[in-house]
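Next comes target17.txt, a file with compact mmCIF, C-alpha atoms.
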```
# COMPACT_ATOMS: atom_id res chain seq x y z
CA MET A 1 0.00 0.00 0.00
CA GLN A 2 1.30 3.43 -0.97
CA SER A 3 2.22 5.68 1.95
CA ASN A 4 1.86 9.39 1.15
CA THR A 5 1.87 12.46 3.40
CA ASN A 6 -1.20 14.69 3.44
CA PHE A 7 -0.81 18.41 4.20
CA ASP A 8 -4.42 19.27 4.99
CA SER A 9 -4.57 22.14 7.50
CA LYS A 10 -1.00 23.18 6.56
CA ALA A 11 -1.74 25.19 3.40
CA GLY A 12 -1.26 28.50 5.20
CA VAL A 13 1.93 27.28 6.88
CA PHE A 14 3.43 26.35 3.51
CA ALA A 15 2.46 29.65 1.95
CA ARG A 16 4.03 31.62 4.80
CA ASN A 17 6.98 29.52 5.99
CA ILE A 18 8.18 28.16 2.66
CA TYR A 19 7.10 30.33 -0.26
CA GLY A 20 6.95 33.50 1.81
CA THR A 21 10.60 33.30 2.88
CA THR A 22 14.00 33.68 1.22
CA LYS A 23 14.37 29.92 0.93
CA GLY A 24 11.04 29.74 -0.90
CA HIS A 25 12.06 32.58 -3.19
CA ILE A 26 15.26 30.66 -3.99
CA ARG A 27 13.25 27.56 -4.82
CA LEU A 28 10.97 29.43 -7.19
CA ALA A 29 13.85 31.34 -8.80
CA VAL A 30 15.86 28.20 -9.59
CA LEU A 31 12.86 26.21 -10.79
CA GLN A 32 11.54 29.08 -12.90
CA ARG A 33 14.92 29.57 -14.57
CA ASP A 34 15.20 25.88 -15.41
CA LEU A 35 11.64 25.72 -16.73
CA ASP A 36 12.09 28.88 -18.79
CA ALA A 37 15.14 27.27 -20.43
CA LEU A 38 13.16 24.10 -21.12
CA LEU A 39 10.18 25.93 -22.60
CA ALA A 40 12.43 28.07 -24.79
CA GLY A 41 13.66 24.92 -26.54
CA LEU A 42 10.25 23.32 -27.13
CA PRO A 43 8.07 23.73 -30.24
CA LYS A 44 5.49 26.51 -29.97
CA GLU A 45 2.74 25.03 -32.19
CA ARG A 46 0.24 24.64 -29.35
CA PRO A 47 -0.11 25.16 -25.62
CA LEU A 48 1.32 22.39 -23.46
CA ARG A 49 -0.76 20.05 -21.34
CA ILE A 50 0.85 20.08 -17.89
CA LEU A 51 0.36 17.93 -14.80
CA ASP A 52 1.32 19.53 -11.50
CA ALA A 53 1.67 16.33 -9.46
CA GLY A 54 1.35 16.97 -5.74
CA GLY A 55 1.59 20.65 -6.58
CA GLY A 56 -0.12 22.08 -3.50
CA PHE A 57 -1.48 25.50 -4.46
CA GLY A 58 0.53 25.44 -7.69
CA PRO A 59 2.83 28.49 -7.51
CA LEU A 60 4.77 27.44 -10.62
CA SER A 61 1.92 25.95 -12.62
CA GLN A 62 0.03 29.21 -12.13
CA SER A 63 2.80 31.07 -13.95
CA LEU A 64 2.73 28.46 -16.72
CA ALA A 65 -1.04 28.77 -17.07
CA ALA A 66 -0.59 32.54 -17.38
CA LEU A 67 1.49 31.79 -20.50
CA GLY A 68 -1.50 29.97 -22.03
CA HIS A 69 -0.79 26.36 -21.07
CA SER A 70 -3.45 24.08 -19.56
CA VAL A 71 -2.84 22.54 -16.13
CA VAL A 72 -4.16 19.57 -14.21
CA LEU A 73 -3.33 20.13 -10.53
CA CYS A 74 -3.46 16.97 -8.40
CA ASP A 75 -2.95 16.95 -4.64
CA LEU A 76 -3.90 14.91 -1.59
CA SER A 77 -4.80 18.03 0.36
CA ALA A 78 -8.22 19.56 -0.15
CA ASP A 79 -7.00 22.67 1.69
CA MET A 80 -4.14 23.15 -0.80
CA LEU A 81 -6.49 22.74 -3.76
CA ALA A 82 -8.96 25.24 -2.28
CA LEU A 83 -6.15 27.77 -1.91
CA ALA A 84 -5.03 27.10 -5.49
CA GLN A 85 -8.56 27.54 -6.82
CA GLU A 86 -8.97 30.82 -4.99
CA GLN A 87 -5.67 32.16 -6.32
CA VAL A 88 -6.21 31.16 -9.96
CA GLN A 89 -9.73 32.55 -9.89
CA ASN A 90 -8.38 35.88 -8.67
CA LYS A 91 -5.82 35.82 -11.49
CA GLY A 92 -8.43 35.07 -14.16
CA ILE A 93 -6.91 31.75 -15.23
CA LEU A 94 -9.39 29.35 -13.63
CA SER A 95 -10.56 28.06 -17.02
CA GLN A 96 -7.05 26.71 -17.70
CA PHE A 97 -7.05 24.54 -14.59
CA GLU A 98 -8.52 21.18 -13.67
CA PHE A 99 -8.28 20.08 -10.04
CA ILE A 100 -8.01 16.48 -8.89
CA HIS A 101 -8.21 15.65 -5.19
CA GLY A 102 -6.34 12.40 -4.52
CA PRO A 103 -3.00 10.59 -4.69
CA ILE A 104 -0.87 10.89 -7.80
CA GLN A 105 -0.67 7.09 -7.96
CA SER A 106 -4.43 6.90 -8.60
CA LEU A 107 -4.15 8.78 -11.90
CA GLN A 108 -4.73 6.54 -14.91
CA VAL A 109 -3.99 7.39 -18.54
CA SER A 110 -7.46 6.10 -19.45
CA ASP A 111 -8.98 8.80 -17.21
CA VAL A 112 -6.67 11.81 -17.50
CA GLY A 113 -4.71 11.15 -20.70
CA GLN A 114 -1.02 11.96 -21.08
CA PHE A 115 0.91 15.17 -20.56
CA ASP A 116 3.66 17.08 -22.35
CA LEU A 117 5.22 18.24 -19.08
CA ILE A 118 4.92 16.95 -15.52
CA LEU A 119 5.98 18.98 -12.50
CA CYS A 120 6.73 16.98 -9.35
CA HIS A 121 8.37 19.26 -6.81
CA ALA A 122 9.11 18.40 -3.16
CA VAL A 123 6.88 15.33 -3.35
CA LEU A 124 9.16 12.33 -3.75
CA GLU A 125 10.64 12.64 -0.24
CA TRP A 126 7.14 12.39 1.28
CA VAL A 127 6.36 9.08 -0.46
CA GLU A 128 7.52 5.73 0.86
CA HIS A 129 7.50 3.81 -2.44
CA GLN A 130 9.38 6.28 -4.58
CA ALA A 131 10.23 4.11 -7.59
CA GLU A 132 6.53 3.29 -8.01
CA LEU A 133 5.64 6.98 -8.05
CA LEU A 134 8.24 7.68 -10.74
CA ALA A 135 6.89 4.79 -12.82
CA CYS A 136 3.41 6.30 -12.52
CA LEU A 137 4.69 9.67 -13.75
CA GLU A 138 6.50 8.01 -16.67
CA ALA A 139 3.25 6.37 -17.80
CA LEU A 140 1.46 9.74 -17.73
CA LEU A 141 4.04 11.42 -19.99
CA VAL A 142 3.90 11.42 -23.76
CA ASP A 143 6.95 10.08 -25.57
CA ASP A 144 9.50 12.90 -25.75
CA GLY A 145 7.69 14.66 -22.90
CA HIS A 146 9.55 16.17 -19.96
CA LEU A 147 9.58 15.62 -16.22
CA SER A 148 10.59 18.43 -13.85
CA LEU A 149 11.50 16.63 -10.63
CA MET A 150 12.73 18.34 -7.47
CA PHE A 151 13.52 16.20 -4.43
CA TYR A 152 14.98 16.59 -0.93
CA ASN A 153 18.65 15.74 -1.17
CA ARG A 154 19.89 13.29 1.45
CA ASP A 155 23.50 14.26 0.70
CA GLY A 156 22.70 17.90 1.47
CA LEU A 157 20.94 16.86 4.67
CA LEU A 158 23.96 14.82 5.73
CA TYR A 159 26.41 17.64 4.99
CA HIS A 160 24.30 20.18 6.87
CA SER A 161 24.17 17.82 9.87
CA LEU A 162 27.94 17.42 9.79
CA VAL A 163 28.76 21.13 9.60
CA MET A 164 26.24 21.85 12.36
CA GLY A 165 27.80 19.19 14.58
CA HIS A 166 24.63 17.12 14.82
CA PHE A 167 26.65 13.92 15.07
CA ASP A 168 23.99 12.03 17.04
CA TYR A 169 21.68 12.54 14.05
CA VAL A 170 24.41 11.29 11.70
CA TYR A 171 25.04 8.22 13.87
CA ALA A 172 21.28 7.54 13.77
CA ASP A 173 21.42 7.46 9.95
CA LEU A 174 19.55 10.79 9.80
CA VAL A 175 16.49 9.38 11.54
CA LYS A 176 15.12 11.59 14.29
CA LYS A 177 13.66 10.15 17.47
CA ARG A 178 10.65 12.42 17.11
CA ARG A 179 9.38 13.08 13.61
CA GLN A 180 8.89 16.77 12.88
CA LYS A 181 5.76 17.69 10.93
CA LEU A 182 7.58 19.36 8.04
CA THR A 183 10.63 17.08 7.94
CA PRO A 184 10.47 14.65 4.98
CA GLY A 185 10.36 11.01 5.94
CA TRP A 186 12.22 9.65 2.91
CA PRO A 187 15.06 11.99 1.79
CA CYS A 188 16.44 10.91 -1.57
CA ARG A 189 19.90 9.79 -2.63
CA PRO A 190 20.58 11.49 -5.98
CA GLU A 191 22.34 8.46 -7.44
CA GLN A 192 19.31 6.30 -6.60
CA VAL A 193 16.94 8.75 -8.24
CA ASN A 194 19.20 8.91 -11.31
CA ASP A 195 19.16 5.11 -11.53
CA TRP A 196 15.37 4.93 -11.30
CA LEU A 197 14.97 7.54 -14.01
CA GLN A 198 17.45 5.78 -16.30
CA ARG A 199 15.67 2.45 -15.84
CA LEU A 200 12.40 4.10 -16.82
CA GLY A 201 13.92 5.41 -20.05
CA PHE A 202 14.47 9.02 -19.02
CA VAL A 203 17.42 11.12 -20.19
CA ILE A 204 18.42 13.87 -17.77
CA THR A 205 18.86 17.10 -19.73
CA ASP A 206 19.34 19.65 -16.94
CA ARG A 207 20.22 19.69 -13.25
CA SER A 208 20.41 22.32 -10.50
CA GLY A 209 20.98 22.45 -6.78
CA VAL A 210 18.42 24.40 -4.77
CA ARG A 211 19.61 26.23 -1.66
CA VAL A 212 23.27 25.43 -2.23
CA ILE A 213 24.38 28.39 -0.07
CA HIS A 214 21.47 29.63 2.01
CA ASP A 215 21.28 26.83 4.57
CA TYR A 216 25.02 26.83 5.25
CA MET A 217 25.38 30.57 5.89
CA VAL A 218 26.91 31.31 9.31
CA ASN A 219 25.46 34.81 9.47
CA LYS A 220 21.75 34.03 9.20
CA THR A 221 20.66 37.68 9.21
CA VAL A 222 22.13 38.01 5.71
CA ARG A 223 19.40 35.68 4.44
CA ALA A 224 16.74 38.33 5.03
CA GLU A 225 18.71 41.56 4.92
CA GLN A 226 20.48 40.73 1.63
CA ALA A 227 17.88 38.37 0.18
CA ASP A 228 18.22 39.58 -3.42
CA GLU A 229 21.98 39.09 -3.33
CA VAL A 230 21.60 35.65 -1.75
CA ILE A 231 19.21 34.61 -4.53
CA ALA A 232 21.61 35.94 -7.17
CA MET A 233 24.45 33.93 -5.63
CA GLU A 234 22.26 30.83 -5.52
CA LEU A 235 21.48 31.18 -9.21
CA ALA A 236 25.16 31.75 -10.01
CA HIS A 237 26.25 28.54 -8.25
CA ALA A 238 23.24 26.22 -8.69
CA LYS A 239 24.74 24.40 -11.68
CA ILE A 240 28.39 24.41 -10.62
CA ALA A 241 30.08 21.46 -8.91
CA PRO A 242 30.55 20.90 -6.04
CA PHE A 243 27.90 23.40 -4.91
CA MET A 244 25.16 21.84 -7.03
CA HIS A 245 25.51 18.52 -5.20
CA LEU A 246 25.14 20.17 -1.77
CA GLY A 247 21.74 21.73 -2.44
CA ARG A 248 19.07 20.90 0.10
CA TYR A 249 17.04 19.98 -2.96
CA ILE A 250 18.08 18.74 -6.38
CA HIS A 251 16.11 19.70 -9.48
CA VAL A 252 16.41 17.55 -12.58
CA VAL A 253 14.72 17.96 -15.94
CA ALA A 254 14.43 14.64 -17.74
CA ARG A 255 13.11 13.75 -21.17
CA LYS A 256 11.13 10.56 -21.71
CA SER A 257 12.80 8.69 -24.55
CA VAL A 258 10.71 7.86 -27.59
CA ARG A 259 9.87 4.18 -27.49
CA GLY A 260 12.43 2.19 -29.42
CA GLU A 261 14.95 5.03 -29.29
CA ALA A 262 18.50 3.78 -28.87
```

The structure in this file should be written as structure tokens.
Amino acid sequence: MQSNTNFDSKAGVFARNIYGTTKGHIRLAVLQRDLDALLAGLPKERPLRILDAGGGFGPLSQSLAALGHSVVLCDLSADMLALAQEQVQNKGILSQFEFIHGPIQSLQVSDVGQFDLILCHAVLEWVEHQAELLACLEALLVDDGHLSLMFYNRDGLLYHSLVMGHFDYVYADLVKKRRQKLTPGWPCRPEQVNDWLQRLGFVITDRSGVRVIHDYMVNKTVRAEQADEVIAMELAHAKIAPFMHLGRYIHVVARKSVRGEA
């Protein structure tokens, strides 16, 4: 049985504590830059059909809908979907959205069809059976379609624990005695995610680290007081090794190979 995490009652917390902070602004800036680069290289004959899988209130898919694309937003949380519906209605783009309340794994091609682009951001680390979720997303993509996948980086979590001196946490294999509400239960090893994607026939075309600097800053007041400069530095280093590999999240863009493609 699939184990997913539901964020009902936490929609406001996410909006304030994640997307309303410098770390949330970094997330959106890196993802938006990567998606802009992807869209710039795609044919422009028609609007894209996009699935925002576990997208919460859809901050990125809202910007894509504003460009004329159609979006199916699927989430376990009714509260998140209600917030999304309110926001897109206020922006005048409600007609470009379809909302599905339920787990991503319940989506069937026979019911929802296939998509040109799937967004799956900060979802994988909240799902116990991660390879099964990725297989579900692969089935929902058209051949030559693209997956935008951002996941919580276990390597970044380990490094942060080391530099902070949280050695008891390291000795416990990064498992806390008491689970925090907004701490992912299944942080991802990038090499494992890469292997799953390769086995499913994906080709990774782009990669960025997200929050490669922010979380390691000794002077934490700089995060707020020099937020614009912090974001600029994040963007400047997000694709450069070794910083990219230390991001608290990793964002990959992967293309689904055409069937039979060598």

Skip range 206-215 of chain A itself and residues of its chain fewer than 3 positions away, then list as number ranges by chain all residues within 9 Å of it, counting only C-alpha atoms.
A: 22-23, 26-27, 30-31, 34, 38, 150, 156, 160, 218, 220, 223, 230-231, 233-235, 237-240, 243-254

Gap from CA of Ser110 in chain A to CA of Ser70 in chain A - Å, one decimal
18.4 Å

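Closest to Asp52 in chain A among A:Ser148, A:Thr183, A:Gln226, A:Gln192 is A:Ser148, based on all atoms listed in the file.
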
Using all atoms listed in the file, which of A:Arg255, A:Pro47, A:Tyr152, A:Ala65 sits nearest Ser95 in chain A?
A:Ala65

Counting only C-alpha atoms, which residue out of A:Gly102, A:Gly165, A:Gly113, A:Gly201 sits closest to Leu147 in chain A?
A:Gly201

Give me the residues within 12 Å of Gly68 in chain A as number ranges by chain, counting all atoms listed in the file and dropping any in the same chain fewer than 6 places off.
A: 44, 46-50, 61-62, 92-97

Would you please work out which residue, of A:Asp143, A:Glu138, A:Asp155, A:Asp168, is nearest to Leu197 in chain A when using only C-alpha atoms?
A:Glu138

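Distance check against Glu132 in chain A using all atoms listed in the file: of A:Leu64, A:Lys256, A:Glu86, A:Gln105, the minimum falls on A:Gln105.
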
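Minimum atom-to-atom distance to Gly55 in chain A, evaluated using all atoms listed in the file, belongs to A:Cys74 out of A:Ala241, A:Leu117, A:Leu42, A:Cys74.
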
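When CA of Gln114 in chain A is paired with CA of Leu51 in chain A, their separation reads 8.8 Å.
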
For CA of Glu125 in chain A and CA of Arg154 in chain A, quote the distance in Å rounded to one decimal.
9.4 Å
